[in-house]
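J.: Following this line is work_38.csv, made up of CSV, C-alpha atoms:
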chain,number,residue,atom,x,y,z
A,3,MET,CA,17.1,3.5,13.6
A,4,VAL,CA,16.6,0.8,11.0
A,5,ILE,CA,14.5,1.2,7.9
A,6,ARG,CA,13.9,-2.0,5.9
A,7,ARG,CA,13.6,-1.9,2.1
A,8,SER,CA,10.9,-4.6,2.2
A,9,ARG,CA,8.5,-2.4,4.1
A,10,THR,CA,9.0,0.6,1.8
A,11,THR,CA,8.8,-1.6,-1.3
A,12,ALA,CA,5.6,-3.3,-0.1
A,13,LEU,CA,3.9,0.1,0.6
A,14,THR,CA,4.9,1.3,-2.8
A,15,SER,CA,3.7,-1.8,-4.6
A,16,LEU,CA,0.3,-1.5,-2.9
A,17,THR,CA,-0.4,2.0,-4.1
A,18,VAL,CA,-1.2,1.2,-7.8
A,19,PRO,CA,-3.4,-1.9,-7.0
A,20,THR,CA,-5.3,0.0,-4.4
A,21,ARG,CA,-6.0,3.0,-6.6
A,22,ALA,CA,-6.9,0.7,-9.5
A,23,THR,CA,-9.4,-1.3,-7.3
A,24,ALA,CA,-11.0,1.9,-6.1
A,25,PHE,CA,-11.3,3.2,-9.6
A,26,LEU,CA,-12.8,0.0,-11.0
A,27,GLY,CA,-15.2,-0.3,-8.1
A,28,ALA,CA,-16.5,3.2,-8.9
A,29,ILE,CA,-16.8,2.3,-12.6
A,30,CYS,CA,-18.9,-0.8,-11.6
A,31,PHE,CA,-21.4,1.3,-9.7
A,32,ILE,CA,-21.6,3.9,-12.4
A,33,CYS,CA,-22.0,1.4,-15.3
A,34,ALA,CA,-24.7,-0.6,-13.4
A,35,ALA,CA,-26.9,2.4,-12.9
A,36,PRO,CA,-30.1,2.3,-15.1
A,37,ALA,CA,-29.5,5.9,-16.2
A,38,THR,CA,-26.0,5.0,-17.4
A,39,LEU,CA,-27.2,1.8,-19.1
A,40,ALA,CA,-29.9,3.8,-21.0
A,41,ALA,CA,-27.3,6.5,-22.0
A,42,VAL,CA,-24.8,4.0,-23.3
A,43,ASN,CA,-27.5,2.1,-25.2
A,44,ARG,CA,-28.8,5.4,-26.7
A,45,VAL,CA,-25.3,6.8,-27.7
A,46,THR,CA,-24.2,3.5,-29.3
A,47,GLY,CA,-27.5,2.7,-30.8
A,48,ILE,CA,-27.1,-0.9,-29.7
A,49,PRO,CA,-29.8,-2.2,-27.3
A,50,ASN,CA,-28.4,-3.6,-24.0
A,51,VAL,CA,-24.8,-2.9,-24.9
A,52,GLY,CA,-24.5,-1.5,-21.4
A,53,ALA,CA,-24.8,-5.1,-20.1
A,54,PRO,CA,-21.5,-6.5,-21.3
A,55,LEU,CA,-19.9,-3.2,-20.3
A,56,THR,CA,-21.2,-3.6,-16.8
A,57,TYR,CA,-20.3,-7.3,-16.6
A,58,SER,CA,-16.8,-6.6,-18.0
A,59,SER,CA,-16.2,-3.9,-15.4
A,60,ILE,CA,-17.4,-6.3,-12.6
A,61,SER,CA,-15.0,-8.9,-13.9
A,62,ALA,CA,-12.2,-6.4,-14.0
A,63,PHE,CA,-13.1,-5.3,-10.5
A,64,SER,CA,-13.0,-8.9,-9.3
A,65,CYS,CA,-9.6,-9.4,-10.8
A,66,SER,CA,-8.3,-6.2,-9.2
A,67,LEU,CA,-9.4,-7.4,-5.8
A,68,ILE,CA,-7.4,-10.6,-6.3
A,69,ILE,CA,-4.4,-8.6,-7.4
A,70,LEU,CA,-4.7,-6.3,-4.5
A,71,LEU,CA,-4.8,-9.2,-2.0
A,72,ILE,CA,-1.8,-10.8,-3.8
A,73,HIS,CA,0.2,-7.6,-3.2
A,74,TRP,CA,-1.2,-7.2,0.3
A,75,ARG,CA,-0.2,-10.7,1.2
A,76,GLY,CA,3.3,-10.2,-0.1
A,77,GLY,CA,6.0,-12.8,-0.8
A,78,PRO,CA,8.8,-13.2,-3.4
A,79,ALA,CA,8.5,-10.6,-6.2
A,80,GLN,CA,8.7,-13.3,-8.9
A,81,GLN,CA,5.9,-15.2,-7.4
A,82,ILE,CA,3.7,-12.1,-7.0
A,83,ARG,CA,4.3,-11.2,-10.7
A,84,ARG,CA,3.4,-14.7,-11.8
A,85,MET,CA,0.2,-14.7,-9.8
A,86,VAL,CA,-0.8,-11.3,-11.1
A,87,ARG,CA,-0.2,-12.3,-14.7
A,88,ILE,CA,-2.3,-15.5,-14.2
A,89,SER,CA,-5.1,-13.5,-12.7
A,90,ILE,CA,-5.1,-10.9,-15.5
A,91,ALA,CA,-5.0,-13.6,-18.2
A,92,VAL,CA,-7.9,-15.5,-16.7
A,93,TYR,CA,-10.1,-12.5,-16.4
A,94,ALA,CA,-9.1,-11.0,-19.7
A,95,LEU,CA,-10.3,-14.2,-21.4
A,96,LEU,CA,-13.5,-14.0,-19.3
A,97,ILE,CA,-14.2,-10.4,-20.5
A,98,LEU,CA,-13.4,-11.4,-24.1
A,99,ALA,CA,-15.9,-14.3,-23.8
A,100,ILE,CA,-18.6,-11.9,-22.4
A,101,ILE,CA,-18.2,-9.6,-25.3
A,102,VAL,CA,-18.2,-12.4,-27.9
A,103,LEU,CA,-21.3,-14.0,-26.4
A,104,PHE,CA,-23.2,-10.7,-26.4
A,105,SER,CA,-22.3,-10.1,-30.0
A,106,LEU,CA,-23.8,-13.5,-30.9
A,107,ALA,CA,-26.9,-13.1,-28.9
A,108,ASP,CA,-30.3,-11.8,-30.0
A,109,ALA,CA,-31.1,-9.2,-27.4
A,110,ASP,CA,-33.0,-6.4,-29.1
A,111,THR,CA,-35.4,-5.6,-26.2
A,112,GLU,CA,-33.8,-3.1,-23.9
A,113,ARG,CA,-33.9,-4.1,-20.2
A,114,LEU,CA,-32.4,-1.7,-17.7
A,115,THR,CA,-33.1,-3.5,-14.4
A,116,ASP,CA,-34.0,-7.1,-15.1
A,117,LEU,CA,-31.8,-8.2,-18.0
A,118,ASP,CA,-30.3,-11.1,-16.1
A,119,THR,CA,-33.7,-12.8,-15.6
A,120,TYR,CA,-35.4,-11.5,-18.8
A,121,TYR,CA,-32.7,-13.1,-21.0
A,122,ALA,CA,-32.0,-16.1,-18.7
A,123,ASN,CA,-33.2,-18.5,-21.4
A,124,THR,CA,-31.9,-16.7,-24.4
A,125,PRO,CA,-29.0,-18.5,-26.2
A,126,TYR,CA,-25.6,-16.8,-25.7
A,127,MET,CA,-27.1,-14.3,-23.3
A,128,ARG,CA,-27.7,-17.1,-20.9
A,129,GLU,CA,-24.1,-18.2,-21.2
A,130,MET,CA,-22.8,-14.6,-20.8
A,131,ILE,CA,-24.9,-14.1,-17.6
A,132,VAL,CA,-23.6,-17.4,-16.2
A,133,LEU,CA,-20.0,-16.6,-17.0
A,134,TYR,CA,-20.0,-13.2,-15.3
A,135,LEU,CA,-21.6,-14.7,-12.2
A,136,LEU,CA,-19.1,-17.5,-12.1
A,137,GLY,CA,-16.2,-15.1,-12.6
A,138,HIS,CA,-17.4,-12.9,-9.7
A,139,LEU,CA,-18.1,-16.0,-7.5
A,140,ALA,CA,-14.6,-17.4,-8.3
A,141,SER,CA,-13.0,-14.1,-7.1
A,142,THR,CA,-15.1,-14.2,-4.0
A,143,ILE,CA,-14.0,-17.8,-3.2
A,144,VAL,CA,-10.4,-17.0,-3.8
A,145,LEU,CA,-10.5,-13.9,-1.6
A,146,SER,CA,-12.3,-15.8,1.2
A,147,VAL,CA,-9.9,-18.7,1.2
A,148,VAL,CA,-6.8,-16.5,1.3
A,149,CYS,CA,-8.3,-14.3,4.0
A,150,LEU,CA,-9.3,-17.3,6.1
A,151,LYS,CA,-5.8,-18.9,5.7
A,152,TRP,CA,-4.2,-15.6,6.6
A,153,ALA,CA,-6.5,-15.0,9.5
A,154,ARG,CA,-5.1,-18.3,11.1
A,155,ASP,CA,-1.7,-16.7,11.2
A,156,GLU,CA,-0.6,-14.5,14.1
A,157,VAL,CA,-2.1,-11.2,12.9
A,158,THR,CA,-3.2,-8.5,15.2
A,159,GLY,CA,-4.5,-5.0,15.4
A,160,LEU,CA,-6.0,-3.3,12.3
A,161,LEU,CA,-4.9,-6.1,10.1
A,162,ARG,CA,-7.0,-8.6,12.0
A,163,VAL,CA,-10.0,-6.2,11.9
A,164,GLY,CA,-9.5,-5.6,8.2
A,165,LEU,CA,-9.5,-9.3,7.4
A,166,ARG,CA,-12.7,-9.8,9.4
A,167,LEU,CA,-14.3,-6.9,7.6
A,168,ILE,CA,-13.3,-8.4,4.2
A,169,LEU,CA,-14.7,-11.8,5.2
A,170,ALA,CA,-18.0,-10.2,6.4
A,171,GLY,CA,-18.3,-8.2,3.2
A,172,LEU,CA,-17.6,-11.2,1.0
A,173,LEU,CA,-20.1,-13.3,2.9
A,174,LEU,CA,-22.8,-10.6,2.3
A,175,ASP,CA,-21.7,-10.5,-1.3
A,176,VAL,CA,-22.1,-14.3,-1.7
A,177,LEU,CA,-25.4,-14.5,0.2
A,178,GLY,CA,-27.0,-11.2,-0.9
A,179,PHE,CA,-25.8,-10.9,-4.4
A,180,GLU,CA,-24.5,-14.2,-5.9
A,181,LEU,CA,-27.1,-16.4,-4.3
A,182,THR,CA,-30.0,-14.2,-5.1
A,183,LYS,CA,-28.9,-13.6,-8.7
A,184,VAL,CA,-28.3,-17.3,-9.3
A,185,THR,CA,-31.6,-18.2,-7.6
A,186,ALA,CA,-33.5,-15.8,-9.8
A,187,VAL,CA,-31.9,-17.0,-13.0
A,188,VAL,CA,-32.4,-20.7,-12.1
A,189,ALA,CA,-36.0,-20.0,-11.3
A,190,ARG,CA,-36.4,-18.6,-14.8
A,191,TRP,CA,-34.9,-21.8,-16.2
A,192,CYS,CA,-37.4,-23.8,-14.2
A,193,GLY,CA,-40.4,-21.7,-15.3
A,194,TYR,CA,-40.8,-19.6,-12.1
A,195,ASN,CA,-40.5,-15.9,-11.5
A,196,LEU,CA,-38.4,-14.7,-8.7
A,197,ASP,CA,-37.1,-11.6,-10.4
A,198,PHE,CA,-37.4,-9.5,-7.3
A,199,LEU,CA,-34.4,-11.3,-5.9
A,200,SER,CA,-32.3,-10.0,-8.8
A,201,THR,CA,-33.8,-6.5,-9.1
A,202,THR,CA,-34.6,-5.6,-5.5
A,203,VAL,CA,-32.5,-7.7,-3.1
A,204,ALA,CA,-29.2,-8.2,-5.0
A,205,PRO,CA,-28.2,-4.5,-5.8
A,206,PRO,CA,-28.3,-3.1,-2.2
A,207,ALA,CA,-26.6,-6.3,-0.9
A,208,ALA,CA,-23.8,-5.9,-3.4
A,209,SER,CA,-23.4,-2.2,-2.5
A,210,LEU,CA,-23.3,-2.9,1.2
A,211,GLY,CA,-20.9,-5.9,0.8
A,212,ALA,CA,-18.5,-3.8,-1.4
A,213,LEU,CA,-18.6,-1.0,1.2
A,214,ILE,CA,-17.7,-3.4,4.0
A,215,TYR,CA,-14.9,-5.3,2.3
A,216,SER,CA,-13.5,-2.1,0.8
A,217,ALA,CA,-13.3,-0.8,4.4
A,218,GLY,CA,-11.4,-4.0,5.3
A,219,PHE,CA,-8.8,-3.3,2.6
A,220,VAL,CA,-8.4,0.3,3.6
A,221,LEU,CA,-8.4,0.0,7.4
A,222,PRO,CA,-4.9,-1.7,7.8
A,223,ARG,CA,-3.4,1.0,5.6
A,224,LEU,CA,-4.3,3.6,8.2
A,225,SER,CA,-1.5,2.3,10.4
A,226,ALA,CA,0.8,2.6,7.3
A,227,ALA,CA,-0.4,6.1,6.8
A,228,ALA,CA,0.4,7.0,10.4
A,229,SER,CA,3.9,5.5,9.9
A,230,GLU,CA,4.4,7.5,6.7
A,231,LYS,CA,3.4,10.7,8.6
A,232,GLN,CA,6.0,9.9,11.2
A,233,SER,CA,8.6,9.2,8.5
A,234,LEU,CA,7.9,12.7,7.0
A,235,VAL,CA,8.4,14.3,10.5
A,236,ASN,CA,11.7,12.4,10.9
A,237,TYR,CA,12.8,13.3,7.4
A,238,ARG,CA,12.4,17.0,8.2
A,239,ALA,CA,14.1,16.6,11.5
A,240,LEU,CA,17.1,15.0,9.9
A,241,LEU,CA,17.6,17.8,7.3
A,242,PRO,CA,19.8,20.0,9.7
A,243,LEU,CA,22.0,17.0,10.4
A,244,TRP,CA,22.5,16.3,6.7
A,245,THR,CA,23.3,20.0,6.3
A,246,ALA,CA,25.9,19.7,9.0
A,247,VAL,CA,27.7,16.6,7.7
A,248,LYS,CA,27.5,16.9,3.9
A,249,ASP,CA,30.1,19.7,3.7
A,250,VAL,CA,32.6,18.2,6.0
A,251,THR,CA,33.1,14.8,4.3
A,252,THR,CA,33.8,13.5,0.8
A,253,THR,CA,30.2,12.1,0.5
A,254,PRO,CA,28.4,13.2,-2.7
A,255,GLN,CA,27.2,16.7,-2.3
A,256,ALA,CA,23.8,16.2,-4.1
A,257,ALA,CA,21.3,16.7,-1.3
A,258,PRO,CA,18.1,14.6,-1.5
A,259,ARG,CA,15.8,17.4,-2.4
A,260,TRP,CA,12.0,16.8,-2.3
A,261,TRP,CA,11.5,17.7,-5.9
A,262,GLN,CA,13.9,14.9,-7.0
A,263,PHE,CA,11.6,12.2,-5.6
A,264,TRP,CA,8.3,14.0,-4.6
A,265,TRP,CA,6.4,11.0,-5.9
A,266,GLN,CA,8.0,8.6,-3.5
A,267,LEU,CA,6.7,7.7,-0.1
A,268,PRO,CA,8.1,9.6,3.0
A,269,SER,CA,9.5,6.3,4.3
A,270,ARG,CA,11.5,5.9,1.1
A,271,ARG,CA,12.8,9.5,1.3
A,272,LEU,CA,13.7,8.9,4.9
A,273,TYR,CA,15.6,5.8,4.0
A,274,LEU,CA,17.7,7.6,1.3
A,275,LEU,CA,18.4,10.5,3.7
A,276,GLU,CA,19.4,8.2,6.5
A,277,ALA,CA,21.7,6.2,4.2
A,278,ARG,CA,23.5,9.4,3.1
A,279,ILE,CA,23.9,10.6,6.7
A,280,ARG,CA,25.3,7.2,7.9
A,281,ASP,CA,27.8,7.2,5.0
A,282,ALA,CA,28.8,10.7,5.9
A,283,LEU,CA,29.2,9.8,9.6
A,284,LEU,CA,31.5,6.8,8.7
A,285,GLN,CA,33.7,9.2,6.7
A,286,LEU,CA,33.7,11.5,9.7
A,287,ALA,CA,35.3,8.8,11.9
A,288,ALA,CA,38.8,10.2,11.5
A,289,GLN,CA,37.6,13.5,13.1
A,290,LEU,CA,36.1,11.8,16.1
A,291,ASP,CA,37.8,12.0,19.5
A,292,GLN,CA,37.3,9.1,21.8
A,293,ARG,CA,38.5,11.3,24.8
A,294,VAL,CA,35.4,13.5,24.3
A,295,GLY,CA,33.2,10.4,24.3
A,296,GLU,CA,34.8,9.0,27.5
A,297,THR,CA,34.3,12.4,29.2
A,298,ALA,CA,30.7,12.5,28.2
A,299,TYR,CA,30.1,8.9,29.2
A,300,ALA,CA,31.6,9.5,32.7
A,301,ALA,CA,29.5,12.6,33.1
A,302,ALA,CA,26.3,10.8,32.1
A,303,VAL,CA,27.0,7.9,34.5
A,304,GLY,CA,27.7,10.5,37.2
A,305,ARG,CA,24.3,12.0,36.7
A,306,GLY,CA,22.8,8.5,37.3
A,307,GLU,CA,21.9,7.7,33.8
A,308,SER,CA,21.9,4.1,32.5
A,309,ARG,CA,24.8,2.6,30.6
A,310,ASP,CA,22.8,2.7,27.4
A,311,ARG,CA,21.9,6.3,27.8
A,312,ALA,CA,25.5,7.1,28.8
A,313,ARG,CA,26.8,5.4,25.6
A,314,ILE,CA,24.4,7.4,23.5
A,315,ALA,CA,25.5,10.6,25.2
A,316,ALA,CA,29.1,9.7,24.4
A,317,GLU,CA,28.3,9.0,20.8
A,318,LYS,CA,26.4,12.3,20.6
A,319,ALA,CA,29.3,14.2,22.1
A,320,MET,CA,31.9,12.6,19.8
A,321,ILE,CA,29.9,13.3,16.6
A,322,THR,CA,29.1,16.9,17.4
A,323,ASP,CA,32.7,17.5,18.3
A,324,GLY,CA,33.8,15.8,15.1
A,325,ILE,CA,31.5,18.0,13.0
A,326,LEU,CA,32.9,21.1,14.6
A,327,ARG,CA,36.5,19.8,14.2
A,328,ALA,CA,36.0,18.9,10.5
A,329,SER,CA,34.4,22.3,9.8
A,330,GLY,CA,37.5,24.0,11.3
A,331,ARG,CA,35.5,25.6,14.2
A,332,ILE,CA,37.8,24.0,16.7
A,333,GLY,CA,41.4,22.8,16.4
A,334,GLY,CA,43.7,20.2,17.9
A,335,PRO,CA,44.4,16.6,17.0
A,336,ALA,CA,41.7,14.0,17.3
A,337,ASP,CA,42.1,10.6,18.9
A,338,PRO,CA,39.7,8.4,16.8
A,339,PRO,CA,38.3,5.3,18.4
A,340,GLU,CA,39.7,2.0,17.0
A,341,LYS,CA,36.3,0.6,16.4
A,342,LEU,CA,33.3,2.8,15.6
A,343,ARG,CA,29.8,1.3,16.1
A,344,LEU,CA,27.1,4.0,16.2
A,345,THR,CA,23.8,3.1,17.9
A,346,ILE,CA,22.4,6.5,18.4
A,347,ASP,CA,19.0,7.5,17.0
A,348,LEU,CA,19.7,9.8,14.1
A,349,VAL,CA,16.8,12.1,15.0
A,350,GLU,CA,18.1,12.4,18.5
A,351,LEU,CA,21.6,13.2,17.0
A,352,ALA,CA,20.0,15.8,14.7
A,353,ASN,CA,18.5,17.6,17.7
A,354,ALA,CA,21.9,17.6,19.4
A,355,VAL,CA,23.7,18.8,16.3
A,356,SER,CA,21.3,21.6,15.7
A,357,GLY,CA,22.4,23.1,19.0
A,358,THR,CA,26.0,23.3,17.8
A,359,GLN,CA,25.3,25.4,14.7
A,360,HIS,CA,25.7,28.7,16.5
A,361,ALA,CA,27.9,27.7,19.5
A,362,ALA,CA,30.2,24.9,20.4
A,363,PRO,CA,29.3,22.7,23.4
A,364,ASP,CA,30.8,23.5,26.7
A,365,HIS,CA,33.1,20.5,26.7
A,366,VAL,CA,34.5,21.7,23.4
A,367,ARG,CA,35.2,25.3,24.4
A,368,ALA,CA,36.9,24.0,27.5
A,369,GLN,CA,39.6,22.2,25.4
Show me the file's structure as structure tokens.

T.:
Amino acid sequence: MVIRRSRTTALTSLTVPTRATAFLGAICFICAAPATLAAVNRVTGIPNVGAPLTYSSISAFSCSLIILLIHWRGGPAQQIRRMVRISIAVYALLILAIIVLFSLADADTERLTDLDTYYANTPYMREMIVLYLLGHLASTIVLSVVCLKWARDEVTGLLRVGLRLILAGLLLDVLGFELTKVTAVVARWCGYNLDFLSTTVAPPAASLGALIYSAGFVLPRLSAAASEKQSLVNYRALLPLWTAVKDVTTTPQAAPRWWQFWWQLPSRRLYLLEARIRDALLQLAAQLDQRVGETAYAAAVGRGESRDRARIAAEKAMITDGILRASGRIGGPADPPEKLRLTIDLVELANAVSGTQHAAPDHVRAQ
């Protein structure tokens, strides 16, 4: 059984961006609600102050989507950190510009649903509106380009479905939110009134688009969740094996208790436990008897099992015999193999060892 660090690290690195994106997405919808806007304006005593708050949260959400995709895409850690820093710096400047422009603008008339079009020709407010729309559009373009490029790779299963959902949601966002908002604002610049596009069409389109591409981000992680569940099952299955080998070798005695790293993913816990078990098995090599392995191998072949299964049966027999020998439950000199190369699945070995806790195997009692 092989557990790669890259997979565990990747899953861990996705946790914070995923939670941050979900949190900021919820904040966007809360801030954009007319009731929230009215409450913020009333509490602060500043008309329309809820607008830069909403625009800033949308910009932060756009940045979090880019960061999430950067981590999801993966790559060298240094490159990921550099791209994340650039994204944060760009959108931090955008949010700062939104706040500064609002503070310079004259927007004393409270507008809860049509602020974008009502102030489309107001100095500084106009620039603030354009900036937040451009920031959101930029993130949509970046996400679309990366997803399209990634979709050309050999990706299958839930990952392919997730990418398609992200692209569908982004397309709906561009057409249903960005295009309608820009059209309504430009119409105001030209002396026309198409406010219904901004007030009636854009909000539900944005909500539906966010729901679709959020599902696209979450869907591929379902397979990871299933893998983590299996890792937890395997971790629990290996605990008896760890109990059997930790006291018969010179390996460190500190058992990997759950409270020592409860915050880590099950796959990480499994990796640490497997590493300790394998270290212990290597130190147990002097207690292994190759004659026991040869006997078990011959018996397995005699039963008609394949060579691979026979080899695994031999390894299983040698290790269980070695654990009993090291614990003093059986005596006699061992005949260690010159080269030890274990290929047995540790969970399978744990199941075999658990049967030796109360009684020695037949081939051992026969010695």

J.: Show me, as JSON lines, the residues of stretch 37-67 of chain A having an atom within 12 Å of stretch 79-88 of chain A, each with the closest atom pair and its distance in Å, using all atoms listed in the file.

T.:
{"residue": "A:Cys65", "atom": "CA", "partner": "A:Val86", "partner_atom": "CA", "distance": 9.0}
{"residue": "A:Ser66", "atom": "CA", "partner": "A:Val86", "partner_atom": "CA", "distance": 9.3}
{"residue": "A:Leu67", "atom": "CA", "partner": "A:Val86", "partner_atom": "CA", "distance": 10.8}

J.: Can you work out the spacing between atom CA of A:Ser146 and atom CA of A:Phe63 in Å, to one decimal?

T.: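 Computing the Euclidean distance for atom CA of A:Ser146 and atom CA of A:Phe63 yields 15.7 Å.
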
J.: Would you please work out which residue, of A:Ala94, A:Leu272, A:Met320, A:Ala153, is nearest to A:Ser229 when using all atoms listed in the file?

T.: A:Leu272

J.: Can you measure atom CA of A:Val144 to atom CA of A:Val51 for me? One decimal in Å is fine.

T.: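 Value for the atom CA of A:Val144-atom CA of A:Val51 distance: 29.2 Å.
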
J.: Can you tell me how far atom CA of A:Ile32 sits from atom CA of A:Pro206, in Å to one decimal?

T.: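 Atom CA of A:Pro206 lies 14.1 Å from atom CA of A:Ile32.
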
J.: What's around A:Thr119 at 9 Å? Count all atoms listed in the file, leave out sequence neighbours fewer than 6 positions away in its own chain, and write the answer as a VMD selection string.

T.: chain A and resid 183 186 to 190 195 to 197 200

J.: (-12.7, -16.1, 7.5) in this file's frame - what residues fall within 6 Å of it? Use all atoms listed in the file and give the answer as a list in words.

T.: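 Every residue inside that radius is included here: Cys149, Leu150 and Leu169 of chain A.
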
J.: Given the choices A:Ala212, A:Ala312, A:Ala319, A:Leu117, which gets closest to A:Arg293 if the distance is worked out from only C-alpha atoms?

T.: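 Closest residue, counting only C-alpha atoms: A:Ala319.
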
J.: Check the smallest atom-to-atom distance from each of A:Trp191, A:Phe219, A:Tyr273, A:Phe25 to A:Asn236 using only C-alpha atoms, then report the winner.

T.: A:Tyr273

J.: Find the residues around stretch 348-354 of chain A up to 7 Å (all atoms listed in the file counted), leave out those fewer than 6 positions away in its own chain, and share them as a list in words.

T.: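 My list of contacting residues is Met3, Asn236, Ala239, Leu240, Pro242, Leu243 and Lys318 of chain A.
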
J.: Could you tell me which of A:Ala217, A:Leu284, A:Leu103, A:Val184 comes closest to A:Arg166 if we count only C-alpha atoms?

T.: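 The shortest atom-to-atom distance to A:Arg166 comes from A:Ala217.
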
J.: Of the candidates A:Ser64, A:Thr345, A:Ser233, A:Asn43, which shows the shortest atom-to-atom distance to A:Ile143, using only C-alpha atoms?

T.: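 The closest residue to A:Ile143 is A:Ser64.
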
J.: Could you pull out every residue with an atom within 6 Å of (-27.8, -15.5, -27.4), file coordinates, counting all atoms listed in the file, and send them as a list in words?

T.: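 Here is the list of nearby residues: Leu106, Ala107, Asp108, Thr124, Pro125, Tyr126 and Met127 of chain A.
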